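Here is the file run12.tsv (TSV, C-alpha atoms and all ligand atoms).
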chain	number	residue	atom	x	y	z
A	1	MET	CA	0.00	0.00	0.00
A	2	ALA	CA	2.84	2.35	0.85
A	3	SER	CA	4.51	1.59	-2.49
A	4	LEU	CA	1.25	2.47	-4.22
A	5	THR	CA	1.31	5.75	-2.37
A	6	ARG	CA	4.89	6.24	-3.53
A	7	ARG	CA	3.94	5.57	-7.14
A	8	THR	CA	1.13	8.05	-6.98
A	9	ALA	CA	4.07	10.25	-5.99
A	10	LEU	CA	3.55	13.78	-4.85
A	11	VAL	CA	0.11	14.69	-3.68
A	12	ILE	CA	-0.19	18.41	-3.59
A	13	THR	CA	-2.36	19.94	-0.95
A	14	ALA	CA	-3.61	23.30	-2.07
A	15	ALA	CA	-4.62	24.43	1.40
A	16	PHE	CA	-5.06	28.16	1.57
A	17	ALA	CA	-4.97	28.26	-2.22
A	18	SER	CA	-7.83	30.65	-2.56
A	19	ALA	CA	-6.46	32.98	0.11
A	20	PHE	CA	-2.92	33.14	-1.17
A	21	ALA	CA	-3.06	32.03	-4.79
A	22	THR	CA	-1.10	34.05	-7.29
A	23	GLY	CA	-0.94	34.05	-11.08
A	24	ALA	CA	1.36	35.96	-13.41
A	25	SER	CA	0.93	39.70	-12.98
A	26	ALA	CA	2.89	42.92	-13.34
A	27	GLU	CA	4.20	42.54	-9.77
A	28	GLY	CA	4.48	38.77	-9.88
A	29	PRO	CA	6.89	36.31	-11.45
A	30	PRO	CA	7.35	36.33	-15.24
A	31	PRO	CA	4.57	34.58	-17.19
A	32	LEU	CA	5.02	31.35	-19.15
A	33	LYS	CA	3.64	31.25	-22.70
A	34	ILE	CA	1.57	28.29	-23.84
A	35	LYS	CA	3.75	26.32	-26.27
A	36	PRO	CA	3.55	22.81	-27.76
A	37	THR	CA	6.81	21.93	-26.03
A	38	TYR	CA	9.27	23.57	-23.64
A	39	LYS	CA	12.95	23.77	-22.92
A	40	VAL	CA	13.23	23.59	-19.13
A	41	GLY	CA	16.14	23.77	-16.72
A	42	PHE	CA	16.58	21.60	-13.64
A	43	ALA	CA	19.36	22.85	-11.35
A	44	GLN	CA	20.19	19.96	-9.02
A	45	THR	CA	22.25	20.61	-5.88
A	46	GLU	CA	24.36	17.42	-5.74
A	47	SER	CA	24.18	13.76	-6.72
A	48	ASN	CA	25.91	12.04	-3.83
A	49	ASN	CA	22.99	10.11	-2.40
A	50	PRO	CA	20.03	7.93	-3.44
A	51	TRP	CA	17.51	10.69	-2.62
A	52	ARG	CA	19.11	13.08	-5.13
A	53	LEU	CA	19.40	10.34	-7.76
A	54	ALA	CA	15.72	9.45	-7.34
A	55	GLN	CA	14.75	13.12	-7.67
A	56	THR	CA	16.82	13.57	-10.84
A	57	ALA	CA	15.42	10.34	-12.34
A	58	SER	CA	11.88	11.54	-11.67
A	59	MET	CA	12.52	14.93	-13.33
A	60	LYS	CA	14.18	13.31	-16.36
A	61	ALA	CA	11.41	10.73	-16.72
A	62	GLU	CA	8.69	13.36	-16.68
A	63	ALA	CA	10.49	15.55	-19.24
A	64	ALA	CA	10.89	12.52	-21.50
A	65	LYS	CA	7.24	11.55	-21.05
A	66	LEU	CA	6.09	15.02	-22.09
A	67	GLY	CA	8.69	15.33	-24.87
A	68	TRP	CA	10.20	18.47	-23.31
A	69	GLN	CA	13.89	19.30	-23.58
A	70	LEU	CA	15.60	19.21	-20.19
A	71	VAL	CA	18.75	21.19	-19.46
A	72	TYR	CA	20.12	19.38	-16.40
A	73	THR	CA	22.94	20.63	-14.18
A	74	ASP	CA	24.54	19.19	-11.04
A	75	ALA	CA	26.09	21.74	-8.68
A	76	ALA	CA	28.15	19.00	-6.98
A	77	GLY	CA	27.46	20.43	-3.52
A	78	SER	CA	28.52	24.00	-4.35
A	79	ALA	CA	26.03	26.85	-3.97
A	80	ALA	CA	28.32	29.06	-6.08
A	81	LYS	CA	28.28	26.51	-8.91
A	82	GLN	CA	24.51	26.26	-8.67
A	83	VAL	CA	24.22	30.04	-9.17
A	84	ALA	CA	26.50	29.72	-12.22
A	85	ASP	CA	24.36	26.79	-13.46
A	86	VAL	CA	21.21	28.91	-13.32
A	87	ASN	CA	22.98	31.76	-15.12
A	88	SER	CA	24.00	29.31	-17.83
A	89	MET	CA	20.36	28.15	-18.18
A	90	ILE	CA	19.31	31.78	-18.54
A	91	ALA	CA	21.95	32.25	-21.29
A	92	GLN	CA	20.64	29.12	-23.04
A	93	GLY	CA	17.12	30.61	-23.11
A	94	VAL	CA	15.19	28.01	-21.14
A	95	ASP	CA	11.46	28.68	-20.76
A	96	VAL	CA	11.24	27.78	-17.07
A	97	ILE	CA	13.66	26.78	-14.31
A	98	PHE	CA	13.18	24.16	-11.60
A	99	LEU	CA	15.65	24.94	-8.84
A	100	ALA	CA	16.51	22.79	-5.80
A	101	PRO	CA	18.48	25.46	-3.88
A	102	ARG	CA	21.38	23.98	-1.91
A	103	GLU	CA	21.29	26.75	0.69
A	104	GLU	CA	18.76	29.45	1.51
A	105	LYS	CA	20.72	32.69	1.07
A	106	PRO	CA	23.39	32.04	-1.59
A	107	LEU	CA	20.78	31.08	-4.21
A	108	ILE	CA	18.86	34.38	-3.98
A	109	PRO	CA	20.92	36.00	-6.82
A	110	ALA	CA	20.00	33.07	-9.09
A	111	VAL	CA	16.28	33.49	-8.40
A	112	MET	CA	16.51	37.23	-9.02
A	113	ALA	CA	18.58	36.84	-12.20
A	114	ALA	CA	15.98	34.47	-13.69
A	115	LYS	CA	13.19	36.86	-12.76
A	116	LYS	CA	15.06	39.74	-14.41
A	117	ALA	CA	15.55	37.62	-17.54
A	118	GLY	CA	11.79	36.93	-17.69
A	119	ILE	CA	12.09	33.22	-16.81
A	120	PRO	CA	9.68	31.82	-14.19
A	121	VAL	CA	11.28	29.75	-11.44
A	122	PHE	CA	9.75	26.93	-9.38
A	123	LEU	CA	11.65	26.00	-6.22
A	124	ILE	CA	11.46	22.27	-5.69
A	125	ASP	CA	12.26	20.39	-2.46
A	126	ARG	CA	14.31	23.17	-0.79
A	127	SER	CA	13.46	26.83	-0.32
A	128	VAL	CA	15.25	30.17	-0.14
A	129	ASP	CA	15.19	32.85	2.55
A	130	ALA	CA	11.61	34.15	2.59
A	131	LYS	CA	12.79	37.60	3.71
A	132	LEU	CA	14.89	37.99	0.57
A	133	ALA	CA	12.71	36.39	-2.12
A	134	LYS	CA	8.98	35.74	-2.10
A	135	ALA	CA	6.84	33.01	-3.63
A	136	GLY	CA	4.28	34.48	-6.04
A	137	VAL	CA	6.50	37.56	-6.49
A	138	ASP	CA	10.12	36.62	-7.21
A	139	TYR	CA	9.48	32.98	-8.06
A	140	VAL	CA	6.24	31.17	-8.84
A	141	ALA	CA	5.98	28.65	-6.02
A	142	PHE	CA	7.71	26.25	-3.66
A	143	ILE	CA	6.85	22.56	-4.09
A	144	GLY	CA	8.12	20.25	-1.36
A	145	SER	CA	7.75	18.56	2.00
A	146	ASP	CA	6.96	20.27	5.29
A	147	PHE	CA	10.41	19.95	6.89
A	148	VAL	CA	9.28	21.35	10.26
A	149	LEU	CA	6.60	18.67	10.40
A	150	GLU	CA	9.17	15.99	9.54
A	151	GLY	CA	11.34	17.04	12.51
A	152	LYS	CA	8.28	17.18	14.74
A	153	GLN	CA	7.20	13.65	13.75
A	154	ALA	CA	10.69	12.29	14.41
A	155	GLY	CA	10.65	13.98	17.85
A	156	GLU	CA	7.19	12.68	18.73
A	157	TRP	CA	8.14	9.12	17.80
A	158	LEU	CA	11.20	9.45	20.02
A	159	VAL	CA	9.25	10.74	23.02
A	160	LYS	CA	7.06	7.62	22.86
A	161	ALA	CA	9.97	5.22	22.21
A	162	THR	CA	12.00	6.52	25.17
A	163	ASN	CA	9.14	7.32	27.57
A	164	GLY	CA	10.34	10.90	27.50
A	165	LYS	CA	13.88	10.21	28.76
A	166	ALA	CA	16.85	10.49	26.40
A	167	ASN	CA	20.32	11.95	25.85
A	168	ILE	CA	20.29	12.90	22.19
A	169	LEU	CA	22.99	13.56	19.61
A	170	GLU	CA	21.59	15.49	16.64
A	171	ILE	CA	23.32	15.20	13.26
A	172	GLU	CA	22.19	18.13	11.15
A	173	GLY	CA	21.96	18.47	7.38
A	174	SER	CA	23.87	20.98	5.24
A	175	THR	CA	24.36	24.26	7.10
A	176	GLY	CA	22.17	27.04	5.70
A	177	SER	CA	19.79	24.67	3.86
A	178	SER	CA	16.06	24.84	4.51
A	179	PRO	CA	15.68	21.14	5.48
A	180	ALA	CA	18.50	21.39	8.04
A	181	MET	CA	17.03	24.50	9.64
A	182	ASP	CA	13.41	23.34	9.61
A	183	ARG	CA	14.06	19.74	10.65
A	184	LYS	CA	16.05	21.08	13.60
A	185	LYS	CA	13.27	23.47	14.55
A	186	GLY	CA	10.47	20.87	14.37
A	187	PHE	CA	12.47	18.34	16.40
A	188	ASP	CA	13.95	20.76	18.94
A	189	ASP	CA	10.49	22.24	19.67
A	190	VAL	CA	9.16	18.79	20.66
A	191	ILE	CA	12.22	17.99	22.77
A	192	ALA	CA	12.00	21.35	24.57
A	193	LYS	CA	8.54	20.38	25.85
A	194	ASN	CA	9.90	17.18	27.45
A	195	PRO	CA	12.11	17.92	30.46
A	196	GLY	CA	13.54	14.38	30.55
A	197	MET	CA	14.91	14.72	27.02
A	198	LYS	CA	18.14	16.57	26.31
A	199	ILE	CA	19.95	17.37	23.07
A	200	ILE	CA	23.49	17.05	24.39
A	201	ALA	CA	25.24	17.93	21.11
A	202	SER	CA	24.22	19.00	17.61
A	203	GLN	CA	26.54	19.17	14.61
A	204	SER	CA	26.32	19.11	10.80
A	205	GLY	CA	26.99	15.97	8.77
A	206	ASP	CA	26.16	17.79	5.50
A	207	PHE	CA	23.46	15.24	4.54
A	208	ALA	CA	26.26	12.83	3.50
A	209	ARG	CA	26.82	9.26	4.69
A	210	ASP	CA	30.53	9.46	5.44
A	211	LYS	CA	30.35	12.93	7.01
A	212	GLY	CA	27.48	11.60	9.13
A	213	ARG	CA	29.65	8.68	10.20
A	214	GLN	CA	32.58	10.96	11.09
A	215	THR	CA	30.33	13.38	13.00
A	216	ALA	CA	28.67	10.54	14.92
A	217	GLU	CA	32.06	9.01	15.72
A	218	ALA	CA	33.35	12.26	17.24
A	219	LEU	CA	30.13	12.96	19.13
A	220	LEU	CA	29.89	9.42	20.53
A	221	GLN	CA	33.44	9.68	21.82
A	222	ALA	CA	32.79	13.05	23.45
A	223	HIS	CA	29.40	12.01	24.89
A	224	PRO	CA	29.40	8.38	26.10
A	225	GLU	CA	26.11	9.07	27.94
A	226	ALA	CA	24.25	9.45	24.60
A	227	ASN	CA	21.50	6.89	23.96
A	228	VAL	CA	19.80	8.43	20.89
A	229	ILE	CA	20.95	9.74	17.52
A	230	TYR	CA	18.57	11.91	15.49
A	231	ALA	CA	19.92	12.34	11.95
A	232	HIS	CA	18.38	14.81	9.49
A	233	ASN	CA	18.50	12.19	6.72
A	234	ASP	CA	18.88	8.44	6.24
A	235	GLU	CA	22.32	8.71	4.65
A	236	MET	CA	23.75	10.28	7.82
A	237	ALA	CA	21.77	7.81	9.96
A	238	ILE	CA	23.39	4.91	8.09
A	239	GLY	CA	26.78	6.53	8.67
A	240	ALA	CA	25.91	6.96	12.35
A	241	ILE	CA	24.92	3.29	12.63
A	242	ALA	CA	28.40	2.36	11.33
A	243	ALA	CA	29.94	4.67	13.95
A	244	ILE	CA	27.82	3.13	16.75
A	245	GLU	CA	28.94	-0.36	15.72
A	246	ALA	CA	32.58	0.77	15.47
A	247	ALA	CA	32.26	2.06	19.05
A	248	GLY	CA	31.24	-1.45	20.16
A	249	LYS	CA	27.60	-0.52	20.81
A	250	LYS	CA	24.37	-1.90	19.34
A	251	PRO	CA	22.32	0.47	17.16
A	252	GLY	CA	18.63	0.12	17.98
A	253	LYS	CA	19.41	-1.16	21.51
A	254	ASP	CA	22.20	0.82	23.20
A	255	ILE	CA	21.54	3.78	20.93
A	256	LEU	CA	18.19	4.42	19.23
A	257	VAL	CA	18.35	5.98	15.77
A	258	VAL	CA	15.59	8.07	14.18
A	259	SER	CA	15.82	9.77	10.84
A	260	ILE	CA	14.15	11.27	7.76
A	261	ASP	CA	13.79	10.28	4.06
A	262	GLY	CA	12.63	6.67	3.65
A	263	GLU	CA	15.39	5.50	1.29
A	264	LYS	CA	15.92	1.76	0.74
A	265	ASP	CA	18.93	1.52	3.09
A	266	GLY	CA	16.96	3.38	5.77
A	267	LEU	CA	14.03	0.97	5.52
A	268	GLN	CA	16.46	-1.98	5.55
A	269	ALA	CA	18.04	-0.60	8.75
A	270	ILE	CA	14.57	-0.56	10.35
A	271	ILE	CA	13.93	-4.15	9.20
A	272	ASP	CA	17.33	-5.12	10.69
A	273	GLY	CA	16.39	-3.49	14.01
A	274	LYS	CA	19.19	-0.91	13.76
A	275	MET	CA	16.99	2.13	13.18
A	276	GLY	CA	13.69	2.87	14.92
A	277	ALA	CA	11.83	5.03	12.42
A	278	THR	CA	12.20	7.36	9.47
A	279	VAL	CA	9.83	10.09	8.29
A	280	GLU	CA	9.32	10.00	4.54
A	281	CYS	CA	10.54	12.90	2.40
A	282	ASN	CA	9.43	11.95	-1.11
A	283	PRO	CA	12.02	12.80	-3.81
A	284	ARG	CA	9.78	12.05	-6.83
A	285	PHE	CA	9.01	15.57	-7.94
A	286	GLY	CA	8.68	15.13	-11.71
A	287	PRO	CA	4.90	14.82	-12.08
A	288	ALA	CA	4.06	17.63	-9.64
A	289	ALA	CA	6.72	20.05	-10.93
A	290	PHE	CA	5.87	19.73	-14.61
A	291	ALA	CA	2.11	19.80	-13.93
A	292	ALA	CA	2.56	23.03	-11.96
A	293	ALA	CA	4.45	24.63	-14.87
A	294	MET	CA	1.73	23.64	-17.37
A	295	SER	CA	-0.93	24.95	-15.04
A	296	TYR	CA	0.97	28.23	-14.66
A	297	ALA	CA	1.24	28.58	-18.46
A	298	LYS	CA	-2.55	28.22	-18.72
A	299	GLY	CA	-2.95	31.13	-16.31
A	300	ASP	CA	-4.28	29.06	-13.41
A	301	LYS	CA	-3.91	30.40	-9.89
A	302	ILE	CA	-0.84	28.75	-8.38
A	303	PRO	CA	-0.63	28.34	-4.59
A	304	PRO	CA	2.72	29.78	-3.49
A	305	ILE	CA	3.40	26.77	-1.28
A	306	MET	CA	2.49	23.27	-2.45
A	307	THR	CA	3.15	20.70	0.26
A	308	ASN	CA	3.84	17.03	-0.43
A	309	LYS	CA	2.05	14.43	1.63
A	310	ASP	CA	4.59	11.99	3.10
A	311	ASN	CA	4.45	8.64	4.93
A	312	PHE	CA	6.06	7.50	8.17
A	313	TYR	CA	8.02	4.25	8.42
A	314	ASP	CA	8.78	2.11	11.45
A	315	ALA	CA	8.91	-1.60	12.26
A	316	SER	CA	5.19	-1.92	11.44
A	317	ASN	CA	5.48	-1.08	7.72
A	318	ALA	CA	9.15	-0.94	6.62
A	319	ALA	CA	9.16	-4.45	5.13
A	320	ALA	CA	5.96	-3.84	3.19
A	321	SER	CA	7.28	-0.52	1.85
A	322	ILE	CA	10.85	-1.34	0.86
A	323	ALA	CA	10.03	-2.57	-2.65
A	324	GLY	CA	8.72	0.89	-3.60
A	325	SER	CA	11.73	2.69	-2.16
A	326	TYR	CA	14.89	3.94	-3.89
A	401	LIG	O1	16.16	18.56	0.61
A	401	LIG	C1	15.84	17.26	0.96
A	401	LIG	C2	17.01	16.55	1.57
A	401	LIG	O2	18.14	16.69	0.73
A	401	LIG	C3	16.87	15.07	1.76
A	401	LIG	O3	16.38	14.71	2.99
A	401	LIG	C4	18.29	14.67	1.68
A	401	LIG	O4	18.51	13.30	1.74
A	401	LIG	C5	18.72	15.42	0.51
A	401	LIG	O5	20.05	15.50	0.20

Now, as a test, write the supplied structure out as structure tokens.
Amino acid sequence: MASLTRRTALVITAAFASAFATGASAEGPPPLKIKPTYKVGFAQTESNNPWRLAQTASMKAEAAKLGWQLVYTDAAGSAAKQVADVNSMIAQGVDVIFLAPREEKPLIPAVMAAKKAGIPVFLIDRSVDAKLAKAGVDYVAFIGSDFVLEGKQAGEWLVKATNGKANILEIEGSTGSSPAMDRKKGFDDVIAKNPGMKIIASQSGDFARDKGRQTAEALLQAHPEANVIYAHNDEMAIGAIAAIEAAGKKPGKDILVVSIDGEKDGLQAIIDGKMGATVECNPRFGPAAFAAAMSYAKGDKIPPIMTNKDNFYDASNAAASIAGSY
């Protein structure tokens, strides 16, 4: 059932659509002409994990299905390169840009440059600083998961699993990225309401497996009293599990692990009893992103924030869901 949900991919909730909906206007983002086919840009942030590969595959598959030309770039983990990638797309005259901004602030010039060049931008999966660029004004819309909710769900699972008593190590995502900031906020807010739960250290693992392992290794050494690791994504959680085992402890028993994403290795870790739970963050953006662009071209009202509906995986459903994972 969960895999069916995955295949139906991104369900967009248009809550508040009527209150906040925006279409192309003089003050708004540039319009998109109706054309038989489009040349579109997809500026990916990096390709060093299964989540990113699944997202890219979904974007490429949808472009191929529609017969649209896709200009694809990979910023290889560099916000500066991603800005240059967007500038290159502008120079190549793409009709619309899908941007997954690596970090919130450094990608503002890219959003503004596209707007100035008359090219509408959709932010997918990650956002930019809302004080510096606005949905429905500087770019058309943000399509993605509710990262604060993801952190909150991870925290709530942990409160139940530990009866409200835990010494937690938090391994954060890439510094300055919207998922790292929001997942921290959602989780930390829950923990703050539970006096028996303490975040004893919090450090970035850059959303990468080996950096997650190294961060966990250092934190476990410095804090032998830790009995929980909360990682902002499955890749870092898998790295942390390796660090726990290298320290001679049992993941899932001596140290509980909770995470976010729902990738295949994450679900396998749950099945193996090494990870407690992971909150899904669905990477399959293709259908929703391209549908939003077509809708925008037709002049439909576009909600500035389109939130994906995600699942939650633990020992009760990981085995049944793994076949549909990535
Ligand atoms: O922006 C979404 C996050 O970025 C995913 O959780 C992570 O795995 C990816 O790199």

request  = One decimal, Å: what's the distance from atom CA of A:Ala277 over to atom CA of A:Ala218, could you say?
outcome  = 23.2 Å

request  = Using all atoms listed in the file, determine which residues fall within 10 Å of ligand LIG 401 (chain A), then list them as a PyMOL selection string.
outcome  = chain A and resi 45-53+55+77+100-103+124-127+144-145+147+150+173-174+177-180+183+206-209+231-236+259-263+279-283

ask   = Closest to A:Asn311 among A:Gln153, A:Val86, A:Met275, A:Ser204, using all atoms listed in the file?
value =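 Distance minimum relative to A:Asn311 lands on A:Gln153.
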
key: Given all atoms listed in the file as the counted atoms, nearest of A:Ala141, A:Leu70, A:Ile34, A:Ile229 to A:Met306   =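 Among A:Ala141, A:Leu70, A:Ile34, A:Ile229, it is A:Ala141 that comes nearest to A:Met306.
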
query = When you draw a straight line from atom CA of A:Pro36 to atom CA of A:Val94, how long is it in Å?
reply =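 So the two atoms, atom CA of A:Pro36 and atom CA of A:Val94, lie 14.4 Å apart.
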
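For the set A:Tyr72, A:Pro120, A:Leu158, A:Ile191, the residue with the smallest atom-to-atom gap to A:Gly136 is A:Pro120, counting all atoms listed in the file.
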
message = Could you tell me how far atom CA of A:Ala54 sits from atom CA of A:Ile97, in Å to one decimal place?
response =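 Separating atom CA of A:Ile97 from atom CA of A:Ala54 is a distance of 18.8 Å.
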
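With only C-alpha atoms as the atoms that count, the residue of A:Ala242, A:Val137, A:Ala293, A:Ala84 with the shortest distance to A:Lys39 is A:Ala293.
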
request  = Find the spatial neighbours of A:Gly118, counting all atoms listed in the file, within a cut-off of 6 Å - ignore same-chain residues fewer than 2 positions away - and output them as a count of residues only.
outcome  = 3

query = Which of these, A:Ala246, A:Leu107, A:Val228, A:Ala297, has the shortest distance to A:Pro31 once you count all atoms listed in the file?
reply = A:Ala297

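Take the candidates A:Pro109, A:Gly67, A:Gly41, A:Gly266 and check each one against A:Tyr313 using all atoms listed in the file; the shortest distance goes to A:Gly266.
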